>>> print(open('upload21.cif').read())   # mmCIF, C-alpha atoms
data_run
loop_
_atom_site.label_atom_id
_atom_site.label_comp_id
_atom_site.auth_asym_id
_atom_site.auth_seq_id
_atom_site.Cartn_x
_atom_site.Cartn_y
_atom_site.Cartn_z
CA MET Z 1 -47.16 -30.25 -47.06
CA SER Z 2 -43.77 -29.12 -45.79
CA LYS Z 3 -42.30 -31.18 -42.99
CA TYR Z 4 -39.17 -29.11 -43.46
CA LEU Z 5 -40.96 -25.83 -42.77
CA LEU Z 6 -42.76 -27.25 -39.73
CA GLY Z 7 -39.38 -28.34 -38.43
CA LYS Z 8 -37.88 -24.95 -39.20
CA PHE Z 9 -40.59 -23.26 -37.13
CA LEU Z 10 -40.08 -25.61 -34.17
CA TYR Z 11 -36.29 -25.35 -34.42
CA THR Z 12 -36.03 -21.58 -34.67
CA VAL Z 13 -38.57 -20.95 -31.91
CA ASP Z 14 -37.06 -23.52 -29.52
CA ARG Z 15 -33.58 -22.01 -29.65
CA ASP Z 16 -34.77 -18.46 -28.90
CA PRO Z 17 -35.99 -17.93 -25.31
CA GLU Z 18 -38.04 -14.86 -26.27
CA LEU Z 19 -39.77 -16.71 -29.08
CA VAL Z 20 -40.56 -19.63 -26.79
CA GLU Z 21 -42.41 -17.24 -24.45
CA ARG Z 22 -44.08 -15.44 -27.31
CA TYR Z 23 -45.35 -18.69 -28.83
CA ARG Z 24 -46.60 -19.86 -25.43
CA GLU Z 25 -48.51 -16.62 -24.84
CA ASP Z 26 -49.72 -15.86 -28.36
CA PRO Z 27 -49.65 -18.96 -30.54
CA ALA Z 28 -51.68 -17.69 -33.50
CA GLY Z 29 -49.98 -14.29 -33.62
CA THR Z 30 -46.53 -15.87 -33.40
CA VAL Z 31 -47.24 -18.36 -36.19
CA ASP Z 32 -48.55 -15.64 -38.50
CA TRP Z 33 -45.60 -13.32 -37.73
CA TRP Z 34 -43.10 -16.16 -38.13
CA GLU Z 35 -44.46 -17.25 -41.50
CA ARG Z 36 -44.39 -13.66 -42.74
CA GLU Z 37 -40.94 -12.74 -41.41
CA LEU Z 38 -38.89 -15.90 -40.93
CA ALA Z 39 -40.23 -18.77 -43.03
CA ASN Z 40 -38.08 -17.70 -45.98
CA LYS Z 41 -35.03 -16.61 -44.02
CA ILE Z 42 -32.10 -18.89 -44.88
CA LEU Z 43 -30.55 -19.42 -41.48
CA ASN Z 44 -26.91 -19.08 -42.45
CA CYS Z 45 -27.34 -16.16 -44.88
CA THR Z 46 -27.79 -12.41 -44.67
CA ALA Z 47 -31.30 -10.98 -44.55
CA GLN Z 48 -31.26 -10.02 -48.23
CA GLU Z 49 -30.60 -13.55 -49.47
CA ARG Z 50 -34.01 -14.98 -48.74
CA SER Z 51 -35.86 -17.93 -50.17
CA THR Z 52 -39.03 -17.12 -52.09
CA TRP Z 53 -41.22 -20.20 -51.91
CA LEU Z 54 -41.76 -21.47 -48.38
CA GLU Z 55 -45.25 -21.35 -46.86
CA PHE Z 56 -47.40 -23.47 -44.57
CA THR Z 57 -50.48 -25.32 -45.73
CA GLU Z 58 -53.68 -24.36 -43.94
CA GLU Z 59 -53.53 -27.65 -42.03
CA GLU Z 60 -50.02 -26.91 -40.82
CA ARG Z 61 -50.94 -23.37 -39.78
CA ARG Z 62 -53.88 -24.75 -37.83
CA ALA Z 63 -51.77 -27.35 -36.01
CA LEU Z 64 -49.13 -24.79 -35.03
CA ARG Z 65 -51.70 -22.16 -33.98
CA ALA Z 66 -53.53 -24.79 -31.90
CA GLN Z 67 -50.23 -26.12 -30.47
CA ASP Z 68 -51.62 -29.52 -31.40
CA HIS Z 69 -48.68 -31.90 -30.92
CA VAL Z 70 -50.76 -34.91 -31.98
CA ALA Z 71 -51.51 -33.31 -35.35
CA LEU Z 72 -47.86 -32.33 -35.75
CA PHE Z 73 -46.86 -35.94 -35.09
CA GLU Z 74 -49.41 -37.15 -37.66
CA MET Z 75 -47.99 -34.73 -40.23
CA GLY Z 76 -44.47 -36.10 -39.74
CA ALA Z 77 -42.96 -33.12 -37.92
CA HIS Z 78 -39.75 -34.29 -36.23
CA PRO Z 79 -40.91 -35.60 -32.83
CA PHE Z 80 -37.73 -34.49 -31.06
CA LEU Z 81 -38.23 -30.88 -32.11
CA THR Z 82 -41.89 -30.85 -31.12
CA LEU Z 83 -41.20 -32.51 -27.77
CA THR Z 84 -38.31 -30.22 -26.85
CA LEU Z 85 -40.21 -27.04 -27.60
CA PHE Z 86 -43.43 -28.19 -25.94
CA ILE Z 87 -41.56 -29.22 -22.79
CA ALA Z 88 -40.02 -25.74 -22.74
CA MET Z 89 -43.45 -24.15 -22.95
CA PHE Z 90 -45.57 -26.39 -20.75
CA GLU Z 91 -43.52 -28.49 -18.34
CA ARG Z 92 -43.52 -25.58 -15.88
CA ASP Z 93 -47.29 -25.92 -15.40
CA HIS Z 94 -47.03 -29.53 -14.19
CA GLY Z 95 -45.41 -31.79 -11.60
CA PRO Z 96 -42.23 -33.78 -12.34
CA LEU Z 97 -42.59 -35.76 -15.61
CA GLU Z 98 -46.35 -35.22 -15.52
CA TYR Z 99 -46.34 -33.23 -18.74
CA GLN Z 100 -44.07 -35.68 -20.58
CA LYS Z 101 -46.32 -38.61 -19.66
CA ALA Z 102 -49.49 -36.77 -20.65
CA TYR Z 103 -47.83 -35.79 -23.93
CA GLY Z 104 -47.18 -39.47 -24.68
CA ALA Z 105 -50.66 -40.53 -23.53
CA ALA Z 106 -52.24 -38.08 -25.97
CA LEU Z 107 -50.49 -40.02 -28.75
CA LYS Z 108 -51.73 -43.44 -27.56
CA ASP Z 109 -53.68 -44.14 -30.74
CA MET Z 110 -50.56 -43.94 -32.89
CA SER Z 111 -49.31 -47.34 -33.98
CA LEU Z 112 -46.36 -48.50 -36.04
CA PRO Z 113 -45.34 -47.52 -38.57
CA TYR Z 114 -45.40 -43.94 -37.34
CA PRO Z 115 -45.71 -41.16 -39.93
CA ASP Z 116 -42.53 -40.74 -41.96
CA ILE Z 117 -40.37 -37.86 -40.68
CA ALA Z 118 -37.96 -37.80 -43.63
CA THR Z 119 -37.64 -34.36 -45.21
CA MET Y 1 2.49 -44.47 -33.28
CA ALA Y 2 -0.48 -43.76 -31.08
CA THR Y 3 -1.95 -46.43 -28.85
CA VAL Y 4 -5.67 -47.07 -28.49
CA ALA Y 5 -5.70 -47.08 -24.69
CA ALA Y 6 -9.41 -47.81 -24.35
CA VAL Y 7 -12.56 -48.11 -26.41
CA ILE Y 8 -15.68 -47.00 -24.57
CA ALA Y 9 -19.32 -47.14 -25.59
CA SER Y 10 -22.08 -45.67 -23.49
CA THR Y 11 -25.58 -44.34 -23.48
CA HIS Y 12 -25.73 -40.58 -22.94
CA HIS Y 13 -28.37 -39.65 -20.44
CA PRO Y 14 -28.80 -35.89 -20.12
CA PHE Y 15 -30.51 -36.30 -16.72
CA TYR Y 16 -27.40 -37.79 -15.06
CA TYR Y 17 -25.80 -34.46 -14.26
CA ARG Y 18 -28.82 -33.15 -12.40
CA ALA Y 19 -29.56 -36.51 -10.72
CA SER Y 20 -25.99 -36.88 -9.48
CA THR Y 21 -25.59 -33.32 -8.22
CA SER Y 22 -28.99 -32.93 -6.53
CA SER Y 23 -29.60 -33.51 -2.84
CA GLY Y 24 -32.47 -33.75 -0.40
CA PRO Y 25 -35.96 -34.22 -1.80
CA GLU Y 26 -34.71 -33.26 -5.27
CA ARG Y 27 -32.44 -36.31 -5.42
CA PRO Y 28 -34.14 -39.19 -7.27
CA PRO Y 29 -34.24 -42.58 -5.48
CA PHE Y 30 -32.10 -44.24 -8.17
CA ALA Y 31 -29.34 -41.59 -8.02
CA ASP Y 32 -27.00 -43.39 -5.59
CA GLU Y 33 -26.96 -46.62 -7.58
CA TRP Y 34 -26.50 -44.66 -10.79
CA VAL Y 35 -23.58 -42.67 -9.38
CA ALA Y 36 -21.90 -45.87 -8.12
CA LYS Y 37 -22.14 -47.44 -11.57
CA ILE Y 38 -20.82 -44.31 -13.25
CA GLU Y 39 -17.90 -44.06 -10.84
CA ALA Y 40 -16.92 -47.67 -11.60
CA PHE Y 41 -17.27 -46.90 -15.32
CA ARG Y 42 -15.16 -43.74 -14.94
CA GLU Y 43 -12.39 -45.79 -13.34
CA THR Y 44 -12.16 -47.87 -16.54
CA LEU Y 45 -11.12 -44.75 -18.44
CA THR Y 46 -8.89 -43.38 -15.69
CA ARG Y 47 -6.84 -46.56 -15.46
CA ALA Y 48 -6.22 -46.45 -19.24
CA ARG Y 49 -4.27 -43.17 -18.69
CA PRO Y 50 -5.43 -41.45 -21.90
CA ASN Y 51 -3.89 -38.25 -23.30
CA VAL Y 52 -6.46 -37.62 -26.04
CA LEU Y 53 -10.14 -38.48 -26.50
CA VAL Y 54 -11.88 -39.18 -29.81
CA MET Y 55 -15.54 -38.53 -29.02
CA VAL Y 56 -18.29 -39.94 -31.24
CA GLY Y 57 -21.76 -38.46 -30.83
CA SER Y 58 -24.64 -36.92 -32.72
CA ASP Y 59 -25.84 -33.34 -32.80
CA HIS Y 60 -29.47 -33.01 -31.71
CA PHE Y 61 -30.44 -30.19 -34.08
CA HIS Y 62 -28.26 -27.69 -32.31
CA GLN Y 63 -25.69 -26.51 -34.83
CA LEU Y 64 -26.51 -28.88 -37.68
CA TRP Y 65 -29.78 -28.20 -39.45
CA LEU Y 66 -31.76 -29.56 -42.35
CA ASP Y 67 -30.61 -26.87 -44.80
CA ASN Y 68 -27.11 -28.37 -44.73
CA MET Y 69 -26.97 -31.76 -43.04
CA PRO Y 70 -23.77 -33.82 -43.03
CA GLN Y 71 -23.87 -37.58 -42.50
CA PHE Y 72 -20.48 -37.85 -40.79
CA LEU Y 73 -18.56 -34.81 -39.60
CA VAL Y 74 -15.22 -34.32 -37.85
CA GLY Y 75 -14.58 -31.23 -35.75
CA LYS Y 76 -11.17 -29.64 -36.32
CA ALA Y 77 -10.58 -26.64 -34.11
CA PRO Y 78 -8.35 -25.58 -31.21
CA TYR Y 79 -11.35 -25.37 -28.89
CA PHE Y 80 -14.90 -26.63 -28.74
CA ASP Y 81 -17.46 -24.78 -26.70
CA ALA Y 82 -20.18 -27.03 -25.44
CA ASN Y 83 -23.80 -27.30 -24.47
CA TRP Y 84 -26.67 -25.19 -25.67
CA HIS Y 85 -29.33 -22.97 -24.19
CA ASN Y 86 -32.06 -25.59 -24.51
CA GLU Y 87 -29.84 -28.20 -22.80
CA GLU Y 88 -29.27 -25.81 -19.92
CA ARG Y 89 -33.00 -25.16 -19.81
CA GLU Y 90 -34.20 -28.77 -19.95
CA PHE Y 91 -31.38 -30.72 -18.29
CA GLY Y 92 -29.46 -28.14 -16.26
CA LEU Y 93 -26.24 -28.93 -18.14
CA PRO Y 94 -23.30 -26.57 -17.57
CA ARG Y 95 -21.51 -24.63 -20.30
CA MET Y 96 -18.05 -26.05 -21.03
CA THR Y 97 -15.02 -25.43 -23.24
CA LEU Y 98 -12.87 -28.36 -24.33
CA ARG Y 99 -9.52 -28.22 -26.07
CA GLY Y 100 -9.26 -29.76 -29.53
CA GLN Y 101 -6.52 -32.09 -30.83
CA GLU Y 102 -6.31 -30.50 -34.26
CA ASP Y 103 -3.52 -32.63 -35.69
CA LEU Y 104 -5.47 -35.82 -34.97
CA SER Y 105 -8.58 -34.25 -36.50
CA ALA Y 106 -6.56 -33.44 -39.64
CA HIS Y 107 -5.14 -36.97 -39.71
CA ILE Y 108 -8.62 -38.51 -39.48
CA LEU Y 109 -10.04 -36.18 -42.12
CA ARG Y 110 -7.22 -36.80 -44.62
CA ASN Y 111 -7.07 -40.55 -44.10
CA GLY Y 112 -10.83 -40.92 -43.86
CA LEU Y 113 -11.28 -39.17 -47.22
CA ASP Y 114 -8.58 -41.36 -48.71
CA ALA Y 115 -10.38 -44.44 -47.37
CA ASP Y 116 -13.63 -43.46 -49.16
CA PHE Y 117 -15.41 -41.79 -46.25
CA ASP Y 118 -16.47 -38.39 -47.55
CA LEU Y 119 -16.25 -36.75 -44.15
CA ALA Y 120 -17.57 -33.25 -43.62
CA PHE Y 121 -15.65 -30.98 -41.29
CA SER Y 122 -16.26 -28.04 -39.03
CA ASN Y 123 -13.73 -25.48 -37.83
CA GLU Y 124 -16.16 -23.94 -35.35
CA LEU Y 125 -18.27 -26.55 -33.67
CA ARG Y 126 -20.24 -26.14 -30.50
CA ILE Y 127 -20.80 -29.62 -29.22
CA ASP Y 128 -23.86 -30.91 -27.41
CA HIS Y 129 -24.79 -33.41 -24.71
CA SER Y 130 -24.05 -36.45 -26.88
CA ILE Y 131 -20.39 -35.59 -26.23
CA THR Y 132 -20.56 -33.66 -22.96
CA CYS Y 133 -22.56 -36.36 -21.12
CA PRO Y 134 -19.65 -38.82 -21.43
CA ILE Y 135 -17.23 -36.06 -20.46
CA ILE Y 136 -19.32 -35.47 -17.33
CA THR Y 137 -19.57 -39.18 -16.51
CA LEU Y 138 -16.10 -40.37 -17.57
CA ARG Y 139 -13.78 -37.37 -17.31
CA PRO Y 140 -15.53 -34.65 -15.31
CA GLN Y 141 -12.34 -32.61 -14.99
CA ALA Y 142 -12.64 -32.13 -18.78
CA ASP Y 143 -8.89 -31.72 -19.07
CA LEU Y 144 -8.07 -33.73 -22.20
CA PRO Y 145 -8.10 -32.52 -25.80
CA ILE Y 146 -10.77 -34.08 -28.00
CA VAL Y 147 -11.59 -34.87 -31.60
CA PRO Y 148 -15.37 -34.77 -31.98
CA VAL Y 149 -16.96 -37.00 -34.62
CA TYR Y 150 -20.63 -36.43 -35.33
CA THR Y 151 -22.90 -38.94 -37.03
CA ASN Y 152 -26.40 -38.43 -38.38
CA ILE Y 153 -28.75 -40.76 -36.51
CA PHE Y 154 -31.45 -38.16 -36.36
CA ALA Y 155 -32.48 -36.64 -39.68
CA PRO Y 156 -33.39 -39.18 -42.36
CA PRO Y 157 -32.22 -40.23 -44.88
CA LEU Y 158 -29.57 -41.85 -42.67
CA PRO Y 159 -26.52 -43.92 -43.64
CA GLN Y 160 -26.94 -47.69 -43.37
CA PRO Y 161 -25.96 -49.46 -40.12
CA LYS Y 162 -23.07 -51.23 -41.86
CA ARG Y 163 -21.63 -47.83 -42.72
CA PHE Y 164 -21.42 -46.96 -39.02
CA VAL Y 165 -19.55 -50.21 -38.37
CA GLN Y 166 -17.19 -49.53 -41.28
CA LEU Y 167 -16.48 -46.00 -40.06
CA GLY Y 168 -15.76 -47.38 -36.60
CA ARG Y 169 -13.23 -49.83 -38.02
CA ALA Y 170 -11.65 -47.00 -40.02
CA ILE Y 171 -11.42 -44.70 -36.97
CA ARG Y 172 -9.65 -47.45 -35.03
CA SER Y 173 -7.13 -47.93 -37.80
CA MET Y 174 -6.64 -44.18 -38.32
CA VAL Y 175 -5.97 -43.60 -34.63
CA GLU Y 176 -3.46 -46.46 -34.67
CA SER Y 177 -1.66 -44.90 -37.64
CA TRP Y 178 -1.42 -41.43 -36.03
CA PRO Y 179 2.34 -40.87 -35.73
CA GLU Y 180 2.30 -39.47 -32.21
CA ASP Y 181 3.32 -41.20 -29.03
CA LYS Y 182 -0.06 -40.64 -27.38
CA ARG Y 183 -2.61 -42.79 -25.62
CA VAL Y 184 -5.98 -42.26 -27.27
CA ALA Y 185 -9.31 -43.35 -25.85
CA ILE Y 186 -12.10 -43.67 -28.40
CA ILE Y 187 -15.44 -42.98 -26.76
CA GLY Y 188 -18.85 -43.05 -28.40
CA THR Y 189 -22.37 -42.65 -27.13
CA GLY Y 190 -25.73 -43.66 -28.47
CA HIS Y 191 -28.95 -45.21 -27.26
CA LEU Y 192 -30.57 -48.53 -26.71
CA SER Y 193 -34.33 -48.54 -27.38
CA LEU Y 194 -35.65 -45.01 -27.05
CA GLU Y 195 -38.84 -43.14 -27.82
CA LEU Y 196 -38.92 -39.34 -27.98
CA GLY Y 197 -42.08 -37.42 -28.69
CA GLY Y 198 -44.15 -40.57 -29.25
CA PRO Y 199 -46.66 -42.68 -27.31
CA ARG Y 200 -44.05 -44.96 -25.73
CA GLN Y 201 -41.91 -42.22 -24.15
CA PHE Y 202 -41.16 -41.85 -20.44
CA GLY Y 203 -42.43 -45.32 -19.47
CA GLU Y 204 -41.34 -47.42 -16.49
CA HIS Y 205 -38.53 -48.88 -18.60
CA GLY Y 206 -37.11 -48.29 -22.04
CA PRO Y 207 -39.73 -48.89 -24.74
CA ASP Y 208 -38.35 -52.31 -25.71
CA PRO Y 209 -36.53 -54.19 -22.91
CA GLU Y 210 -36.13 -57.24 -25.14
CA PHE Y 211 -34.27 -55.23 -27.77
CA ASP Y 212 -32.15 -53.75 -24.98
CA ARG Y 213 -31.14 -57.18 -23.68
CA LYS Y 214 -30.24 -58.31 -27.17
CA ALA Y 215 -28.33 -55.12 -27.87
CA VAL Y 216 -26.28 -55.41 -24.68
CA ASP Y 217 -25.37 -58.98 -25.68
CA TRP Y 218 -24.31 -57.95 -29.18
CA ILE Y 219 -22.12 -55.17 -27.85
CA ALA Y 220 -20.62 -57.06 -24.92
CA SER Y 221 -19.67 -60.03 -27.10
CA GLY Y 222 -18.61 -58.01 -30.16
CA ASP Y 223 -21.17 -59.84 -32.26
CA ILE Y 224 -21.10 -57.45 -35.21
CA GLU Y 225 -22.29 -60.07 -37.65
CA GLY Y 226 -25.31 -61.06 -35.54
CA CYS Y 227 -26.17 -57.43 -34.96
CA LEU Y 228 -25.91 -56.47 -38.64
CA ALA Y 229 -28.03 -59.49 -39.58
CA GLU Y 230 -30.93 -58.17 -37.51
CA VAL Y 231 -30.60 -54.42 -37.50
CA THR Y 232 -31.76 -52.36 -40.46
CA LEU Y 233 -32.87 -48.76 -40.87
CA ASP Y 234 -36.46 -50.07 -40.96
CA SER Y 235 -36.14 -52.47 -38.03
CA LEU Y 236 -34.86 -49.72 -35.73
CA HIS Y 237 -38.28 -48.04 -35.78
CA ARG Y 238 -39.81 -50.95 -33.89
CA PRO Y 239 -37.97 -50.67 -30.54
CA GLY Y 240 -38.70 -46.91 -30.35
CA ASN Y 241 -38.73 -43.95 -32.69
CA ALA Y 242 -35.31 -42.63 -31.56
CA THR Y 243 -33.58 -46.02 -31.57
CA HIS Y 244 -31.49 -45.14 -34.62
CA GLY Y 245 -29.07 -43.76 -32.04
CA PHE Y 246 -28.12 -47.41 -31.54
CA MET Y 247 -26.07 -47.07 -34.72
CA ASP Y 248 -23.50 -45.09 -32.71
CA PHE Y 249 -23.10 -48.23 -30.57
CA MET Y 250 -22.64 -50.17 -33.81
CA LEU Y 251 -19.92 -47.70 -34.81
CA MET Y 252 -18.21 -48.38 -31.49
CA MET Y 253 -18.49 -52.14 -32.06
CA GLY Y 254 -16.58 -51.48 -35.29
CA VAL Y 255 -13.93 -49.60 -33.27
CA ALA Y 256 -13.66 -52.44 -30.73
CA GLY Y 257 -13.44 -55.08 -33.47
CA ASP Y 258 -15.20 -58.25 -34.56
CA GLY Y 259 -15.65 -60.68 -31.69
CA ALA Y 260 -14.06 -58.29 -29.19
CA LYS Y 261 -15.49 -59.06 -25.78
CA ALA Y 262 -15.89 -56.01 -23.58
CA ASP Y 263 -13.74 -55.93 -20.44
CA HIS Y 264 -16.35 -53.94 -18.52
CA VAL Y 265 -20.09 -54.35 -19.05
CA ASP Y 266 -22.75 -52.74 -16.93
CA SER Y 267 -26.32 -51.54 -17.33
CA LEU Y 268 -29.00 -49.81 -15.32
CA ASP Y 269 -32.69 -50.14 -15.96
CA LEU Y 270 -34.12 -46.64 -15.56
CA PHE Y 271 -37.48 -45.14 -16.39
CA HIS Y 272 -37.68 -44.04 -20.06
CA THR Y 273 -34.51 -45.82 -21.15
CA MET Y 274 -31.90 -48.39 -20.16
CA GLU Y 275 -28.39 -47.19 -19.49
CA ALA Y 276 -25.48 -49.34 -20.73
CA TYR Y 277 -21.73 -49.01 -20.29
CA PHE Y 278 -18.92 -50.89 -22.06
CA THR Y 279 -15.12 -50.66 -22.02
CA TRP Y 280 -12.60 -52.59 -24.08
CA TYR Y 281 -8.83 -52.56 -23.62
CA PRO Y 282 -7.29 -53.51 -26.98
CA ASP Y 283 -3.87 -54.05 -25.37
CA GLY Y 284 -5.12 -55.92 -22.33
CA VAL Y 285 -6.45 -54.64 -19.04
CA PRO Y 286 -4.08 -51.97 -17.66
CA ALA Y 287 -2.36 -52.75 -14.38
#
>>> encode(input="upload21.cif", output="structure tokens")
Amino acid sequence: MSKYLLGKFLYTVDRDPELVERYREDPAGTVDWWERELANKILNCTAQERSTWLEFTEEERRALRAQDHVALFEMGAHPFLTLTLFIAMFERDHGPLEYQKAYGAALKDMSLPYPDIAT
Amino acid sequence: MATVAAVIASTHHPFYYRASTSSGPERPPFADEWVAKIEAFRETLTRARPNVLVMVGSDHFHQLWLDNMPQFLVGKAPYFDANWHNEEREFGLPRMTLRGQEDLSAHILRNGLDADFDLAFSNELRIDHSITCPIITLRPQADLPIVPVYTNIFAPPLPQPKRFVQLGRAIRSMVESWPEDKRVAIIGTGHLSLELGGPRQFGEHGPDPEFDRKAVDWIASGDIEGCLAEVTLDSLHRPGNATHGFMDFMLMMGVAGDGAKADHVDSLDLFHTMEAYFTWYPDGVPA
């Protein structure tokens, strides 16, 4: 399991307006493309200087393709990254704060201690 | 030598800008009370007549990322651009550019390293709402040069709470030893209890009003010892999963000093989180 790579997906998609729309419209295609093209890109390096070893587990791929924020929380993905990106994708379909409250309600079965988010 | 004209600790609420500038049906019912409290808070900085601002905050995964994560970082640059696309998108925050006070940054870096704080630095730092929110609330004309100091309250493993207090004490002493005849305000923002991306987010109040009451008391009375006796990296999970931002308040308690009672204390119970505002005048309340 790679909490780091889950975070890297959420982080790189969230900061790119085109990728936010692409992930909203085509979650599975975007996850597959991202893992192929960007998972091993070191963010502060040139394209040639890539990592060689980063990949999602099947469970992680499933959670990202399904945009399943509860599963991402359970896997220890950083909750701030997940929340920020999901608000960007889905708040527009709801009334004021409606999405944020529903997002929290979907996590109601989580109790302390929450999954560890350390990477 | 420089004078510490004011020490200010505050929550940073990214919704303030939109709430305070909206009108008509868009304006939330709590906006007027919030604006009145902020204007009174702003006056506490204005009357201190600062020339320079040291601004303590924490990057929210904007420029700093997990492939290269500093614990404490000082920005040293002639200018700092501010606010990010996703802060514009979610909070409606404006883009800004602030001047830097490079010689004070250099002084803090050199003396911090010599005092056993292995500070990271950045010569090109785009700052985020942890620093621009207090600019918007306390100095909206954004006319003073700044020294940004970033802490890691966000990406574990985190430094211990006592380390935040120690760094705060060191920043106070380093500002006081800066050989310039300037009035420096040291401003830092953090959180009381806060939950982000978890089941307790966006409730009627902050996730743990009891923690919030206690925290306000610790800060207002300068009870560093009492606070350190109760607050640990583990304990901060209980009030809410983003409550580690309280350690920036602990840093500011270190700046204000042991037993230093705040000269201005105010709070506002909002949905999602409690706001809290504190000002100390180390040299007495300005006329």
>>> closest_residue(input="upload21.cif", among="Y:Ala260, Y:Met252, Y:Val165, Y:Ala242", to="chain Z", atoms="only C-alpha atoms")
Y:Ala242
>>> resolve_selection(input="upload21.cif", expression="the PyMOL selection byres ((chain Z) within 10 of (chain Y))", output="count of residues only")
48
>>> resolve_selection(input="upload21.cif", expression="the PyMOL selection byres ((chain Z and resi 36) around 12)", output="PyMOL selection string")
chain Z and resi 9+29-35+37-41+52-56
>>> write_last_selection(input="upload21.cif", atoms="C-alpha atoms", output="mmCIF file, in the coordinates of the input")
data_model
loop_
_atom_site.group_PDB
_atom_site.id
_atom_site.type_symbol
_atom_site.label_atom_id
_atom_site.label_comp_id
_atom_site.auth_asym_id
_atom_site.auth_seq_id
_atom_site.Cartn_x
_atom_site.Cartn_y
_atom_site.Cartn_z
ATOM 1 C CA PHE Z 9 -40.590 -23.260 -37.130
ATOM 2 C CA GLY Z 29 -49.980 -14.290 -33.620
ATOM 3 C CA THR Z 30 -46.530 -15.870 -33.400
ATOM 4 C CA VAL Z 31 -47.240 -18.360 -36.190
ATOM 5 C CA ASP Z 32 -48.550 -15.640 -38.500
ATOM 6 C CA TRP Z 33 -45.600 -13.320 -37.730
ATOM 7 C CA TRP Z 34 -43.100 -16.160 -38.130
ATOM 8 C CA GLU Z 35 -44.460 -17.250 -41.500
ATOM 9 C CA GLU Z 37 -40.940 -12.740 -41.410
ATOM 10 C CA LEU Z 38 -38.890 -15.900 -40.930
ATOM 11 C CA ALA Z 39 -40.230 -18.770 -43.030
ATOM 12 C CA ASN Z 40 -38.080 -17.700 -45.980
ATOM 13 C CA LYS Z 41 -35.030 -16.610 -44.020
ATOM 14 C CA THR Z 52 -39.030 -17.120 -52.090
ATOM 15 C CA TRP Z 53 -41.220 -20.200 -51.910
ATOM 16 C CA LEU Z 54 -41.760 -21.470 -48.380
ATOM 17 C CA GLU Z 55 -45.250 -21.350 -46.860
ATOM 18 C CA PHE Z 56 -47.400 -23.470 -44.570
#
>>> atom_distance(input="upload21.cif", atom1="CA of His12 in chain Y", atom2="CA of Thr189 in chain Y")
5.8 Å
>>> atom_distance(input="upload21.cif", atom1="CA of Gly257 in chain Y", atom2="CA of Asp212 in chain Y")
20.6 Å
>>> resolve_selection(input="upload21.cif", expression="the PyMOL selection byres ((chain Z and resi 57) around 12)", output="list of chain:residue names")
Z:Met1, Z:Ser2, Z:Lys3, Z:Leu5, Z:Leu6, Z:Glu35, Z:Leu54, Z:Glu55, Z:Phe56, Z:Glu58, Z:Glu59, Z:Glu60, Z:Arg61, Z:Arg62, Z:Ala63, Z:Leu64, Z:Met75
>>> atom_distance(input="upload21.cif", atom1="CA of His191 in chain Y", atom2="CA of Phe164 in chain Y")
14.1 Å
>>> closest_residue(input="upload21.cif", among="Y:Val216, Y:Leu73, Y:Ala82, Y:Leu270", to="Glu33 in chain Y", atoms="all atoms listed in the file")
Y:Leu270
>>> residues_near_point(input="upload21.cif", point="(-20.4, -57.5, -20.8)", cutoff="6 Å", atoms="all atoms listed in the file", output="list in words")
Ala220, Ala262, His264 and Val265 of chain Y
>>> closest_residue(input="upload21.cif", among="Y:Gly245, Y:Pro209, Y:Pro159, Y:Gly190", to="Phe278 in chain Y", atoms="all atoms listed in the file")
Y:Gly190
>>> closest_residue(input="upload21.cif", among="Y:Arg169, Y:Leu109, Y:Glu124, Y:Pro145", to="Leu251 in chain Y", atoms="all atoms listed in the file")
Y:Arg169
>>> build_atoms(input="upload21.cif", residues="range 8-16 of chain Z", atoms="N, CA and C atoms", output="mmCIF file, keeping the file's coordinate frame")
data_model
loop_
_atom_site.group_PDB
_atom_site.id
_atom_site.type_symbol
_atom_site.label_atom_id
_atom_site.label_comp_id
_atom_site.auth_asym_id
_atom_site.auth_seq_id
_atom_site.Cartn_x
_atom_site.Cartn_y
_atom_site.Cartn_z
ATOM 1 N N LYS Z 8 -38.597 -26.220 -39.295
ATOM 2 C CA LYS Z 8 -37.880 -24.950 -39.200
ATOM 3 C C LYS Z 8 -38.552 -24.026 -38.178
ATOM 4 N N PHE Z 9 -39.875 -24.050 -38.145
ATOM 5 C CA PHE Z 9 -40.590 -23.260 -37.130
ATOM 6 C C PHE Z 9 -40.206 -23.750 -35.733
ATOM 7 N N LEU Z 10 -40.331 -25.056 -35.503
ATOM 8 C CA LEU Z 10 -40.080 -25.610 -34.170
ATOM 9 C C LEU Z 10 -38.627 -25.352 -33.742
ATOM 10 N N TYR Z 11 -37.725 -25.510 -34.687
ATOM 11 C CA TYR Z 11 -36.290 -25.350 -34.420
ATOM 12 C C TYR Z 11 -35.932 -23.902 -34.080
ATOM 13 N N THR Z 12 -36.424 -22.976 -34.883
ATOM 14 C CA THR Z 12 -36.030 -21.580 -34.670
ATOM 15 C C THR Z 12 -36.705 -20.989 -33.427
ATOM 16 N N VAL Z 13 -37.911 -21.453 -33.114
ATOM 17 C CA VAL Z 13 -38.570 -20.950 -31.910
ATOM 18 C C VAL Z 13 -37.895 -21.540 -30.669
ATOM 19 N N ASP Z 14 -37.620 -22.837 -30.707
ATOM 20 C CA ASP Z 14 -37.060 -23.520 -29.520
ATOM 21 C C ASP Z 14 -35.747 -22.916 -29.071
ATOM 22 N N ARG Z 15 -34.925 -22.473 -30.028
ATOM 23 C CA ARG Z 15 -33.580 -22.010 -29.650
ATOM 24 C C ARG Z 15 -33.558 -20.549 -29.213
ATOM 25 N N ASP Z 16 -34.711 -19.878 -29.242
ATOM 26 C CA ASP Z 16 -34.770 -18.460 -28.900
ATOM 27 C C ASP Z 16 -35.707 -18.278 -27.697
#
